[in-house]
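Colleague: Here's a structure for you.
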Amino acid sequence: MLILHADLDAFYASVEMRRHPELKLLPMWVGGGHRGVVLSANYAARTYGVRGGMPAAQAQRLCPNGVAVRPDHAAYARASEAVAEIFESITPWVEMASIDEAYLDISGAGRLFGEPEQVGEELRRRILDAEQLPCSVGIGPNRLVAKMASSAAKPDGLRYIPEDKVTDFLHPLPVEDLHGVGAATAERLHQLGIHKVGELANVSLKTLQRAFGPKTGQNLLDLAWGHTRSGEGPVASPFHEARQPDQSIGNQETFYVDTDDEQVISDELLRVSSKVAHRLRQAGKVGKTVNLNLRFSNFSEISKSTTLSSYTDVTIEIHQAAIGIYRKLNLNHPRIRRVGVRVSDLSKREDAYLQPTLDAPEAGWQEAEKAVDKAIDRFGVKALSRAALLRR
DNA sequence: TCTGGGGTCCTAGGACCC
DNA sequence: TCTGGGGTCCTAGGACCC
């Protein structure tokens with residue numbers, strides 16, 4: 001088995017530099033605005049310490065001459081689709097892992113392209129020629145090793161780790177470099193005196209399971225040895241039914257300023273619920289569990305969910321559920337920073353038994369929401385607002 | 001000028017049942 | 001009248017990734 005992981009370098013920033021070449025000479029990043037974060041920074045900005053996920057204000061402090069560019073998600077989606085077609089010119093076994101990375105099963109590609117490195121270089125060349133986007137490639141015996149190899153290859157490089165070189169490659173790395181080991185796990189490993197992947201590999205399964213639980217303990221050991229993670233299927237292809245369906249659909253929004261005004265909060269929950277309902281309908285899905293998430297001004301969060309008596313994709317039902325949870329919480333003038341609504345327990349609309357509730361004019365709302373969908377399709381989501389949201 | 005929005009998965013604890 | 005041991009389901013919270 002030979003897996004190739006392709007990862008576009010600084011993807012959003014690269015798309016922006018492609019259409020605004022003057023930005024190539026400057027440190028720049030995509031993102032920003034009030035309470036915003038950096039979504040993607042070019043390598044010039046990274047030399048100043050600017051990183052993805054960083055508060056935009058901090059980026060601007062680190063790099064006062066840097067240029068912040070507003071994100072254009074539609075443009076990134078188009079670029080991603082174009083690159084996906086190039087992936088498919090190499091092999092039909094392509095699985096997009098996110099907007100800017102994919103796994104390719106190139107076990108059979110050798111006949112056409114030669115050695116693994118030649119496959120990777122051919123792919124990198126095609127993407128650069130056709131899309132002017134730099135891409136790093138990692139190749140290894142499974143997804144994990146391929147992914148780690150592409151990280152090591154960045155930026156604009158290629159790394160092939162044959163099966164018999166996997167531990168040589170992984171074991172000198174710090175544990176926090178492992179895909180799946182974040183800040184919290186790294187910190188706990190450090191407390192156990194474990195700093196290198198090689199050290200982690202030699203800890204007993206028992207010890208890790210005691211510290212992290214049965215699955216996470218096993219998973220950490222698998223990572224350290226570069227083993228295929230459990231539950232990992234083959235790379236999707238046109239011949240196998242691809243990708244697991246969505247587990248949940250949600251939307252969240254941060255207020256311009258923190259608020260404890262229940263009317264403001266309710267209005268925002270309506271806006272967010274209507275986005276979720278619209279996306280459910282677009283996906284042909286209905287859901288049964290509504291989850292409300294609140295982030296307070298001190299960044300602590302709570303989330304509470306409620307299970308409905310029937311499936312829904314209707315704004316007011318989702319909104320009423322969210323408001324119901326909120327009222328039950330009985331908060332005493334909390335300063336709220338962000339509200340979020342997520343619907344899970346999803347089912348295909350045609351599979352679900354759509355049972356009208358007794359107290360709501362279900363059919364009427366469904367008709368109204370179909371009209372909403374049509375208007376959004378024609379004029380865009382910004383053209384439309386619920387009467388309740390126009391009040392102020 | 002401190003910290004977005006889209007998700008998934010795992011764990012722990014309580015309820016409930018046998 | 002003093003209490004076992006599973007199994008399963010649900011919920012809340014946390015960790016992680018892009």
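In the structure tokens, the first chain shown is A, the next is B, and so on; residue numbers restart at 1 for each chain, and ligands run from 1 in the order shown.
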Starting from chain A, keep only residues with some atom at most 8 Å from an atom of chain C, counting only C-alpha atoms (C1' of nucleotides), and report them as a PyMOL selection string.
Modeller: chain A and resi 98+180-182+184+302-305
Colleague: How about saving the chosen residues, C-alpha atoms kept, as a PDB file, in the first residue's frame?
Modeller:
```pdb
ATOM      1  CA  SER A  98     -10.350  19.190   3.779  1.00  0.00           C
ATOM      2  CA  GLY A 180      -3.553  13.901  16.820  1.00  0.00           C
ATOM      3  CA  VAL A 181      -1.350  15.037  19.702  1.00  0.00           C
ATOM      4  CA  GLY A 182      -2.307  18.579  20.573  1.00  0.00           C
ATOM      5  CA  ALA A 184      -3.156  19.149  26.120  1.00  0.00           C
ATOM      6  CA  ILE A 302     -21.306  25.365  28.062  1.00  0.00           C
ATOM      7  CA  SER A 303     -23.261  23.207  25.702  1.00  0.00           C
ATOM      8  CA  LYS A 304     -26.640  21.660  26.297  1.00  0.00           C
ATOM      9  CA  SER A 305     -28.773  19.620  24.009  1.00  0.00           C
TER      10      SER A 305
END
```
Colleague: DSSP on the backbone: what in region 268-334 of chain A comes out alpha helix (DSSP H), as a PyMOL selection string?
Modeller: chain A and resi 268-283+315-329
Colleague: Go ahead and write the residues just picked, N, CA and C atoms, as an mmCIF file, in the first residue's frame.
Modeller:
```cif
data_model
loop_
_atom_site.group_PDB
_atom_site.id
_atom_site.type_symbol
_atom_site.label_atom_id
_atom_site.label_comp_id
_atom_site.auth_asym_id
_atom_site.auth_seq_id
_atom_site.Cartn_x
_atom_site.Cartn_y
_atom_site.Cartn_z
ATOM 1 N N GLU A 268 -30.123 36.625 17.731
ATOM 2 C CA GLU A 268 -28.957 35.988 17.129
ATOM 3 C C GLU A 268 -29.203 34.483 16.980
ATOM 4 N N LEU A 269 -29.858 33.905 17.996
ATOM 5 C CA LEU A 269 -30.152 32.472 17.901
ATOM 6 C C LEU A 269 -31.089 32.184 16.731
ATOM 7 N N LEU A 270 -31.983 33.135 16.448
ATOM 8 C CA LEU A 270 -32.884 32.956 15.306
ATOM 9 C C LEU A 270 -32.099 32.992 13.994
ATOM 10 N N ARG A 271 -31.193 33.947 13.903
ATOM 11 C CA ARG A 271 -30.372 34.069 12.697
ATOM 12 C C ARG A 271 -29.557 32.787 12.480
ATOM 13 N N VAL A 272 -28.948 32.324 13.546
ATOM 14 C CA VAL A 272 -28.099 31.144 13.465
ATOM 15 C C VAL A 272 -28.948 29.896 13.160
ATOM 16 N N SER A 273 -30.106 29.802 13.810
ATOM 17 C CA SER A 273 -30.989 28.651 13.569
ATOM 18 C C SER A 273 -31.452 28.630 12.118
ATOM 19 N N SER A 274 -31.708 29.810 11.560
ATOM 20 C CA SER A 274 -32.214 29.832 10.192
ATOM 21 C C SER A 274 -31.121 29.400 9.220
ATOM 22 N N LYS A 275 -29.872 29.729 9.525
ATOM 23 C CA LYS A 275 -28.775 29.242 8.673
ATOM 24 C C LYS A 275 -28.663 27.727 8.752
ATOM 25 N N VAL A 276 -28.783 27.203 9.966
ATOM 26 C CA VAL A 276 -28.675 25.750 10.137
ATOM 27 C C VAL A 276 -29.823 25.053 9.398
ATOM 28 N N ALA A 277 -31.025 25.587 9.556
ATOM 29 C CA ALA A 277 -32.188 24.964 8.913
ATOM 30 C C ALA A 277 -32.033 24.992 7.392
ATOM 31 N N HIS A 278 -31.546 26.115 6.892
ATOM 32 C CA HIS A 278 -31.360 26.233 5.446
ATOM 33 C C HIS A 278 -30.343 25.216 4.946
ATOM 34 N N ARG A 279 -29.265 25.041 5.683
ATOM 35 C CA ARG A 279 -28.240 24.079 5.259
ATOM 36 C C ARG A 279 -28.764 22.646 5.355
ATOM 37 N N LEU A 280 -29.577 22.369 6.370
ATOM 38 C CA LEU A 280 -30.192 21.041 6.468
ATOM 39 C C LEU A 280 -31.036 20.766 5.232
ATOM 40 N N ARG A 281 -31.853 21.743 4.853
ATOM 41 C CA ARG A 281 -32.742 21.540 3.698
ATOM 42 C C ARG A 281 -31.928 21.377 2.418
ATOM 43 N N GLN A 282 -30.873 22.174 2.297
ATOM 44 C CA GLN A 282 -30.014 22.044 1.120
ATOM 45 C C GLN A 282 -29.411 20.657 1.026
ATOM 46 N N ALA A 283 -29.076 20.097 2.195
ATOM 47 C CA ALA A 283 -28.433 18.781 2.214
ATOM 48 C C ALA A 283 -29.463 17.654 2.151
ATOM 49 N N THR A 315 -36.763 26.258 10.753
ATOM 50 C CA THR A 315 -36.112 27.275 11.579
ATOM 51 C C THR A 315 -36.761 27.446 12.945
ATOM 52 N N ILE A 316 -38.088 27.670 12.955
ATOM 53 C CA ILE A 316 -38.671 28.017 14.262
ATOM 54 C C ILE A 316 -38.580 26.864 15.250
ATOM 55 N N GLU A 317 -38.631 25.646 14.753
ATOM 56 C CA GLU A 317 -38.527 24.525 15.693
ATOM 57 C C GLU A 317 -37.134 24.453 16.301
ATOM 58 N N ILE A 318 -36.145 24.684 15.475
ATOM 59 C CA ILE A 318 -34.773 24.671 15.981
ATOM 60 C C ILE A 318 -34.567 25.851 16.931
ATOM 61 N N HIS A 319 -35.080 27.001 16.514
ATOM 62 C CA HIS A 319 -34.930 28.199 17.344
ATOM 63 C C HIS A 319 -35.629 28.028 18.687
ATOM 64 N N GLN A 320 -36.854 27.511 18.655
ATOM 65 C CA GLN A 320 -37.576 27.328 19.913
ATOM 66 C C GLN A 320 -36.855 26.354 20.835
ATOM 67 N N ALA A 321 -36.286 25.314 20.260
ATOM 68 C CA ALA A 321 -35.529 24.363 21.078
ATOM 69 C C ALA A 321 -34.331 25.059 21.724
ATOM 70 N N ALA A 322 -33.639 25.868 20.918
ATOM 71 C CA ALA A 322 -32.446 26.554 21.444
ATOM 72 C C ALA A 322 -32.824 27.537 22.548
ATOM 73 N N ILE A 323 -33.894 28.302 22.299
ATOM 74 C CA ILE A 323 -34.357 29.251 23.315
ATOM 75 C C ILE A 323 -34.798 28.516 24.584
ATOM 76 N N GLY A 324 -35.475 27.401 24.393
ATOM 77 C CA GLY A 324 -35.927 26.616 25.544
ATOM 78 C C GLY A 324 -34.752 26.204 26.419
ATOM 79 N N ILE A 325 -33.684 25.739 25.783
ATOM 80 C CA ILE A 325 -32.494 25.354 26.545
ATOM 81 C C ILE A 325 -31.936 26.580 27.264
ATOM 82 N N TYR A 326 -31.887 27.683 26.528
ATOM 83 C CA TYR A 326 -31.300 28.898 27.108
ATOM 84 C C TYR A 326 -32.065 29.329 28.364
ATOM 85 N N ARG A 327 -33.408 29.323 28.270
ATOM 86 C CA ARG A 327 -34.208 29.763 29.417
ATOM 87 C C ARG A 327 -34.006 28.842 30.610
ATOM 88 N N LYS A 328 -33.950 27.553 30.318
ATOM 89 C CA LYS A 328 -33.774 26.568 31.396
ATOM 90 C C LYS A 328 -32.473 26.754 32.158
ATOM 91 N N LEU A 329 -31.485 27.277 31.456
ATOM 92 C CA LEU A 329 -30.183 27.452 32.107
ATOM 93 C C LEU A 329 -30.269 28.460 33.248
#
```
Colleague: So that I can check the secondary structure, give me every residue of region 237-337 of chain A assigned strand (DSSP E or B) by backbone DSSP, as a ChimeraX atom specification.
Modeller: /A:248-259,285-296,301-312,336-337
Colleague: Calculate how many Å separate CA of Met96 (chain A) from CA of Glu232 (chain A), rounding to one decimal.
Modeller: 14.6 Å
Colleague: Would you compute the distance between CA of Asn65 (chain A) and CA of Pro155 (chain A)? Give it in Å to one decimal.
Modeller: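 Distance reported for this atom pair: 22.9 Å.
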Colleague: So that I can see what lies close to Pro55 (chain A), please list as a list in words the residues with an atom at most 9 Å from it, counting only C-alpha atoms (C1' of nucleotides) and leaving out residues fewer than 2 positions away in the same chain.
Modeller: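 Once the nearby chain positions are removed, what remains is Gly32, Arg35, Gly36, Val37, Val38, Gly52, Gly53, Ala57, Gln58, Ala59 and Gln60 of chain A; DC2 and DT3 of chain B.
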Colleague: Output N, CA and C atoms (P, O5', C5', C4', C3', O3' and C1' of nucleotides) for every residue in the selection just made, as a compact mmCIF listing (two decimals), in the first residue's frame.
Modeller:
```
# COMPACT_ATOMS: atom_id res chain seq x y z
N GLY A 32 -8.79 38.36 9.75
CA GLY A 32 -8.68 39.63 10.45
C GLY A 32 -10.04 40.22 10.71
N ARG A 35 -12.36 41.11 16.08
CA ARG A 35 -12.42 39.83 16.78
C ARG A 35 -12.08 38.66 15.87
N GLY A 36 -11.34 38.93 14.78
CA GLY A 36 -11.04 37.86 13.83
C GLY A 36 -9.71 37.18 14.12
N VAL A 37 -9.46 36.09 13.43
CA VAL A 37 -8.19 35.39 13.55
C VAL A 37 -7.56 35.24 12.17
N VAL A 38 -6.30 34.87 12.16
CA VAL A 38 -5.58 34.60 10.91
C VAL A 38 -5.98 33.22 10.41
N GLY A 52 -1.48 30.65 11.63
CA GLY A 52 -2.92 30.43 11.52
C GLY A 52 -3.54 30.26 12.91
N GLY A 53 -4.75 30.77 13.08
CA GLY A 53 -5.44 30.66 14.35
C GLY A 53 -5.11 31.77 15.32
N ALA A 57 -5.29 40.80 15.73
CA ALA A 57 -4.66 41.94 16.39
C ALA A 57 -3.21 41.62 16.75
N GLN A 58 -3.01 40.39 17.20
CA GLN A 58 -1.65 39.98 17.57
C GLN A 58 -0.76 39.90 16.33
N ALA A 59 -1.32 39.40 15.23
CA ALA A 59 -0.55 39.33 13.98
C ALA A 59 -0.10 40.73 13.56
N GLN A 60 -1.01 41.68 13.67
CA GLN A 60 -0.69 43.04 13.25
C GLN A 60 0.38 43.65 14.15
P DC B 2 -7.60 44.26 23.76
O5' DC B 2 -7.69 42.74 23.32
C5' DC B 2 -6.54 42.11 22.86
C4' DC B 2 -6.92 41.06 21.80
C3' DC B 2 -8.39 40.62 21.85
O3' DC B 2 -8.79 40.21 20.56
C1' DC B 2 -7.00 38.81 22.41
P DT B 3 -10.33 39.56 20.41
O5' DT B 3 -10.01 38.00 20.30
C5' DT B 3 -9.50 37.48 19.08
C4' DT B 3 -9.21 36.01 19.25
C3' DT B 3 -10.40 35.15 19.60
O3' DT B 3 -11.08 34.80 18.42
C1' DT B 3 -8.54 34.51 20.90
```
Colleague: By how many Å are CA of His190 (chain A) and CA of Ser300 (chain A) apart?
Modeller: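 These atoms are spaced 25.2 Å apart.
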